[in-house]
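Raw contents of target_15.cif, mmCIF, C-alpha atoms:
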```cif
data_target
loop_
_atom_site.label_atom_id
_atom_site.label_comp_id
_atom_site.auth_asym_id
_atom_site.auth_seq_id
_atom_site.Cartn_x
_atom_site.Cartn_y
_atom_site.Cartn_z
CA MET X 1309 27.71 132.94 116.40
CA LYS X 1310 29.03 135.06 113.53
CA LYS X 1311 30.80 138.30 114.39
CA ILE X 1312 29.05 141.45 113.09
CA GLY X 1313 31.22 144.25 111.75
CA LEU X 1314 29.47 147.59 112.20
CA ILE X 1315 30.53 150.79 110.44
CA GLY X 1316 28.86 153.42 112.61
CA GLY X 1317 29.00 157.02 113.77
CA MET X 1318 26.89 158.44 110.91
CA SER X 1319 25.45 159.63 113.25
CA TRP X 1320 26.33 157.98 116.55
CA GLU X 1321 22.75 158.52 117.79
CA SER X 1322 21.45 155.99 115.29
CA THR X 1323 24.43 153.67 115.82
CA THR X 1324 23.44 153.29 119.46
CA GLU X 1325 20.07 152.03 118.22
CA TYR X 1326 21.79 149.41 116.06
CA TYR X 1327 23.81 148.22 119.04
CA ARG X 1328 20.71 148.03 121.26
CA ILE X 1329 18.45 146.32 118.70
CA ILE X 1330 21.05 143.73 117.66
CA ASN X 1331 21.75 142.74 121.25
CA GLU X 1332 18.08 142.68 122.21
CA THR X 1333 17.29 140.46 119.21
CA VAL X 1334 20.06 138.00 120.09
CA ARG X 1335 18.88 137.87 123.69
CA GLU X 1336 15.29 137.24 122.59
CA MET X 1337 16.39 134.42 120.28
CA LEU X 1338 18.91 132.71 122.59
CA GLY X 1339 17.70 133.73 126.05
CA GLU X 1340 19.63 133.95 129.30
CA LEU X 1341 22.62 136.33 129.21
CA HIS X 1342 23.39 135.99 125.51
CA SER X 1343 24.43 139.05 123.52
CA ALA X 1344 25.86 139.66 120.06
CA GLU X 1345 29.53 139.48 119.07
CA ILE X 1346 30.07 142.92 117.52
CA ILE X 1347 33.12 144.75 116.22
CA LEU X 1348 32.26 148.44 115.86
CA TYR X 1349 34.24 151.12 114.05
CA SER X 1350 32.70 154.54 114.65
CA VAL X 1351 33.80 157.37 112.34
CA ASP X 1352 34.01 161.11 112.87
CA PHE X 1353 30.78 162.08 111.12
CA TYR X 1354 31.97 165.64 110.52
CA VAL X 1355 34.58 164.34 108.08
CA ILE X 1356 32.10 162.11 106.24
CA GLU X 1357 29.42 164.81 106.03
CA GLN X 1358 31.92 167.28 104.56
CA LEU X 1359 32.83 164.77 101.85
CA GLN X 1360 29.12 164.23 101.13
CA HIS X 1361 28.50 167.97 100.92
CA GLU X 1362 31.45 168.45 98.56
CA GLY X 1363 30.43 165.52 96.37
CA ARG X 1364 33.67 163.64 97.14
CA TRP X 1365 31.95 160.26 97.30
CA ASP X 1366 34.91 158.25 96.03
CA GLU X 1367 37.00 159.53 98.92
CA ALA X 1368 34.22 158.77 101.39
CA GLY X 1369 33.94 155.32 99.85
CA ARG X 1370 37.65 154.70 100.29
CA ILE X 1371 37.39 155.60 103.97
CA LEU X 1372 34.54 153.14 104.55
CA ALA X 1373 36.22 150.46 102.42
CA ASP X 1374 39.38 150.80 104.52
CA ILE X 1375 37.29 150.44 107.67
CA ALA X 1376 35.62 147.32 106.26
CA VAL X 1377 39.06 145.79 105.65
CA LYS X 1378 40.03 146.53 109.26
CA LEU X 1379 36.81 144.92 110.50
CA GLU X 1380 37.47 141.85 108.36
CA ARG X 1381 41.01 141.57 109.75
CA ALA X 1382 39.59 141.91 113.25
CA GLY X 1383 37.41 138.85 112.64
CA ALA X 1384 34.09 140.19 111.35
CA ASP X 1385 32.09 137.68 109.29
CA PHE X 1386 29.97 140.32 107.52
CA ILE X 1387 29.64 144.10 107.30
CA VAL X 1388 26.74 146.40 108.23
CA ILE X 1389 26.84 150.11 107.34
CA CYS X 1390 24.72 151.82 110.01
CA THR X 1391 23.23 154.50 107.76
CA ASN X 1392 21.19 154.72 104.58
CA THR X 1393 23.01 157.51 102.76
CA MET X 1394 26.45 155.90 102.82
CA HIS X 1395 25.08 152.89 100.96
CA LYS X 1396 25.84 155.09 97.97
CA VAL X 1397 29.36 153.65 98.35
CA ALA X 1398 28.24 150.13 99.26
CA ARG X 1399 29.85 148.64 96.14
CA GLN X 1400 33.25 150.08 97.09
CA VAL X 1401 32.92 148.55 100.53
CA GLU X 1402 31.88 145.17 99.14
CA ASP X 1403 34.72 145.12 96.63
CA ALA X 1404 37.33 145.80 99.32
CA THR X 1405 36.69 142.64 101.36
CA ARG X 1406 36.01 138.94 100.99
CA ILE X 1407 33.10 139.02 103.45
CA PRO X 1408 29.52 140.00 102.55
CA LEU X 1409 27.80 143.30 103.18
CA ILE X 1410 24.15 143.29 104.21
CA HIS X 1411 22.47 146.12 102.29
CA ILE X 1412 20.03 148.22 104.31
CA ALA X 1413 17.34 148.12 101.59
CA GLU X 1414 17.09 144.33 101.53
CA PRO X 1415 15.16 143.69 104.79
CA THR X 1416 12.93 146.74 104.17
CA ILE X 1417 11.88 145.51 100.72
CA ARG X 1418 11.12 142.10 102.21
CA ALA X 1419 8.99 143.68 104.95
CA ILE X 1420 7.03 145.79 102.44
CA GLY X 1421 6.51 142.76 100.24
CA ALA X 1422 5.19 140.76 103.18
CA ARG X 1423 2.52 143.44 103.66
CA LYS X 1424 1.73 143.28 99.91
CA LEU X 1425 2.03 147.05 99.52
CA GLU X 1426 2.58 148.53 96.07
CA ARG X 1427 3.32 152.23 96.72
CA ILE X 1428 5.47 153.74 99.47
CA LEU X 1429 6.77 157.17 100.47
CA LEU X 1430 10.54 157.34 100.90
CA LEU X 1431 11.89 159.85 103.41
CA GLY X 1432 15.60 160.40 103.95
CA THR X 1433 18.48 162.68 103.16
CA ARG X 1434 18.37 164.52 99.83
CA TYR X 1435 20.87 162.00 98.45
CA THR X 1436 18.73 159.01 99.42
CA MET X 1437 15.46 160.49 98.15
CA VAL X 1438 16.74 161.77 94.81
CA GLU X 1439 19.56 159.48 93.72
CA ASP X 1440 19.21 155.93 92.46
CA PHE X 1441 21.61 154.07 94.77
CA TYR X 1442 18.76 153.36 97.21
CA LYS X 1443 15.62 153.65 95.10
CA GLY X 1444 17.22 151.46 92.45
CA CYS X 1445 17.16 148.53 94.87
CA TYR X 1446 13.36 148.55 94.55
CA ALA X 1447 13.50 147.98 90.79
CA GLY X 1448 11.81 144.71 89.94
CA SER X 1449 10.17 144.42 93.36
CA GLY X 1450 6.77 145.67 92.19
CA ILE X 1451 6.97 148.51 94.72
CA GLU X 1452 6.54 152.10 93.48
CA VAL X 1453 8.64 154.67 95.35
CA GLN X 1454 7.30 158.19 95.94
CA ILE X 1455 9.40 161.09 97.22
CA PRO X 1456 8.33 164.55 98.47
CA ASP X 1457 8.40 167.61 96.23
CA GLU X 1458 11.56 169.73 96.13
CA THR X 1459 10.52 172.15 98.90
CA ASP X 1460 9.61 169.33 101.26
CA ARG X 1461 12.78 167.41 100.34
CA ASP X 1462 14.85 170.42 101.38
CA GLU X 1463 13.02 170.64 104.70
CA VAL X 1464 13.34 166.92 105.43
CA ASN X 1465 17.06 167.10 104.64
CA ARG X 1466 17.48 170.18 106.88
CA ILE X 1467 15.73 168.52 109.81
CA ILE X 1468 17.96 165.46 109.49
CA PHE X 1469 21.31 167.28 109.35
CA GLU X 1470 20.61 170.36 111.47
CA GLU X 1471 18.54 168.69 114.18
CA LEU X 1472 18.35 164.89 114.32
CA CYS X 1473 22.04 164.24 113.65
CA LEU X 1474 22.76 166.57 116.57
CA GLY X 1475 20.32 164.74 118.84
CA VAL X 1476 17.73 167.56 118.68
CA ILE X 1477 14.08 166.39 118.62
CA ARG X 1478 11.63 169.23 117.93
CA GLU X 1479 7.87 168.89 118.04
CA ASP X 1480 7.38 171.44 115.26
CA SER X 1481 9.65 169.36 113.02
CA ARG X 1482 7.56 166.29 113.79
CA VAL X 1483 4.48 168.23 112.68
CA LYS X 1484 6.23 169.21 109.43
CA MET X 1485 7.18 165.60 108.73
CA LEU X 1486 3.64 164.43 109.35
CA ALA X 1487 2.36 167.06 106.91
CA VAL X 1488 4.70 165.64 104.25
CA ILE X 1489 3.31 162.18 104.94
CA GLU X 1490 -0.27 163.41 104.67
CA LYS X 1491 0.49 164.82 101.21
CA ALA X 1492 1.81 161.41 100.17
CA ILE X 1493 -1.28 159.67 101.50
CA ALA X 1494 -3.40 161.93 99.30
CA LYS X 1495 -1.30 160.72 96.34
CA GLY X 1496 -1.86 157.06 97.16
CA ALA X 1497 1.05 156.11 99.40
CA GLN X 1498 0.34 152.91 101.34
CA GLY X 1499 3.35 152.97 103.64
CA VAL X 1500 6.27 155.13 104.78
CA VAL X 1501 9.92 154.11 104.58
CA LEU X 1502 12.09 155.98 107.06
CA GLY X 1503 15.11 155.93 104.78
CA CYS X 1504 17.30 157.78 107.23
CA THR X 1505 18.25 156.06 110.45
CA GLU X 1506 17.78 159.30 112.45
CA LEU X 1507 14.16 159.70 111.34
CA GLU X 1508 13.23 156.82 113.63
CA LEU X 1509 14.05 159.16 116.51
CA LEU X 1510 11.37 161.62 115.35
CA ILE X 1511 8.49 159.82 113.63
CA ARG X 1512 6.55 157.44 115.87
CA GLU X 1513 4.20 154.70 114.75
CA GLN X 1514 1.33 156.21 116.74
CA ASP X 1515 1.71 159.45 114.75
CA VAL X 1516 0.91 157.89 111.37
CA THR X 1517 -2.05 155.90 110.06
CA LEU X 1518 0.08 154.10 107.46
CA PRO X 1519 2.53 151.26 108.16
CA ILE X 1520 5.99 152.62 108.95
CA PHE X 1521 9.10 150.76 107.86
CA LYS X 1522 12.07 151.63 110.06
CA THR X 1523 15.11 150.83 107.97
CA ALA X 1524 17.60 150.88 110.86
CA GLU X 1525 15.45 148.63 113.04
CA LEU X 1526 14.81 146.17 110.22
CA HIS X 1527 18.50 146.23 109.24
CA ALA X 1528 19.68 145.62 112.79
CA GLU X 1529 17.22 142.79 113.40
CA TYR X 1530 18.22 141.16 110.11
CA ALA X 1531 21.91 141.42 111.04
CA ALA X 1532 21.27 139.78 114.39
CA LYS X 1533 19.41 136.89 112.77
CA GLU X 1534 22.14 136.51 110.16
CA ALA X 1535 24.71 136.26 112.96
CA LEU X 1536 22.77 133.30 114.38
CA ARG X 1537 21.91 131.68 111.05
#
```
Give the structure from the file, written as structure tokens.
Amino acid sequence: MKKIGLIGGMSWESTTEYYRIINETVREMLGELHSAEIILYSVDFYVIEQLQHEGRWDEAGRILADIAVKLERAGADFIVICTNTMHKVARQVEDATRIPLIHIAEPTIRAIGARKLERILLLGTRYTMVEDFYKGCYAGSGIEVQIPDETDRDEVNRIIFEELCLGVIREDSRVKMLAVIEKAIAKGAQGVVLGCTELELLIREQDVTLPIFKTAELHAEYAAKEALR
């Protein structure tokens, strides 16, 4: 079994889901008392969020790259960044080590392609929705990416950072998210990508008529299968 190097803590609520899903997937595949071999480095999210807010991405990238080096030295065979937004610095992390990084967009694009969908709504932090580091991964896939309008983007971003990252689940925020999804359906969206790992704590499959693609769940399952490949 390959050892999985997890860079987590962004936020720790979603990192716990990675840990659970990876181990459950390994147990399902191998049976008995099997579990995954995981090396986890969990950051202080306050520090990372401040760097994001101040636009100091190179510094944030150096922190994660340094962590990846430590995970490699500890015996990790590949790296998983347990968050969508920090894939903005994925290249820095990849360049710092000799082991591969599994990008969070890869398993999601495969899952959308398997459903033969052509147009999806992307929800996530403002950085993920607006910038190209995540959406650019869809280029050439035949999948069109929609994002909410500016007002809704601000509200989605607020809910993520002021509520979900603090472990706060509010029903009125779920209603707001579902209203954003309904607008996208009216514009032809065929599926919803939860491009923030915390959103999986709020939006449930039974709430939405469209297929939901949970990036953290897909990422974690893919990592577990890669460890056993």
Explicit residue set for the PyMOL selection byres ((chain X and resi 1445) around 10), as a PDB file with C-alpha atoms, keeping the file's coordinate frame:
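Saved the output as expr.pdb:
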```
ATOM      1  CA  HIS X1411      22.470 146.120 102.290  1.00  0.00           C
ATOM      2  CA  ILE X1412      20.030 148.220 104.310  1.00  0.00           C
ATOM      3  CA  ALA X1413      17.340 148.120 101.590  1.00  0.00           C
ATOM      4  CA  GLU X1414      17.090 144.330 101.530  1.00  0.00           C
ATOM      5  CA  ILE X1417      11.880 145.510 100.720  1.00  0.00           C
ATOM      6  CA  ASP X1440      19.210 155.930  92.460  1.00  0.00           C
ATOM      7  CA  PHE X1441      21.610 154.070  94.770  1.00  0.00           C
ATOM      8  CA  TYR X1442      18.760 153.360  97.210  1.00  0.00           C
ATOM      9  CA  LYS X1443      15.620 153.650  95.100  1.00  0.00           C
ATOM     10  CA  GLY X1444      17.220 151.460  92.450  1.00  0.00           C
ATOM     11  CA  TYR X1446      13.360 148.550  94.550  1.00  0.00           C
ATOM     12  CA  ALA X1447      13.500 147.980  90.790  1.00  0.00           C
ATOM     13  CA  GLY X1448      11.810 144.710  89.940  1.00  0.00           C
ATOM     14  CA  SER X1449      10.170 144.420  93.360  1.00  0.00           C
TER      15      SER X1449
END
```
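For the pair atom CA of Ile1428 of chain X and atom CA of Lys1533 of chain X, the interatomic distance is 25.6 Å.
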**OP:** Report as JSON, numbers by chain the full result of the PyMOL selection byres ((chain X and resi 1519) around 9) when it is applied to this structure.
**Re:** {"X": [1498, 1499, 1500, 1501, 1513, 1516, 1517, 1518, 1520, 1521]}
Original post:
Could you name the residues that touch Ser1319 of chain X at 9 Å or less, counting all atoms listed in the file, but leaving out those on the same chain fewer than 5 positions away, as a list in words?
Top reply: Ser1350, Val1351, Asp1352, Phe1353, Cys1390, Thr1391, Leu1472, Cys1473, Leu1474, Thr1505 and Glu1506 of chain X
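Nearest to Arg1537 of chain X of all the residues X:Lys1310, X:Arg1381, X:Arg1427, X:His1342 is X:Lys1310, based on all atoms listed in the file.
Between atom CA of Arg1434 of chain X and atom CA of Asn1465 of chain X the separation is 5.6 Å.
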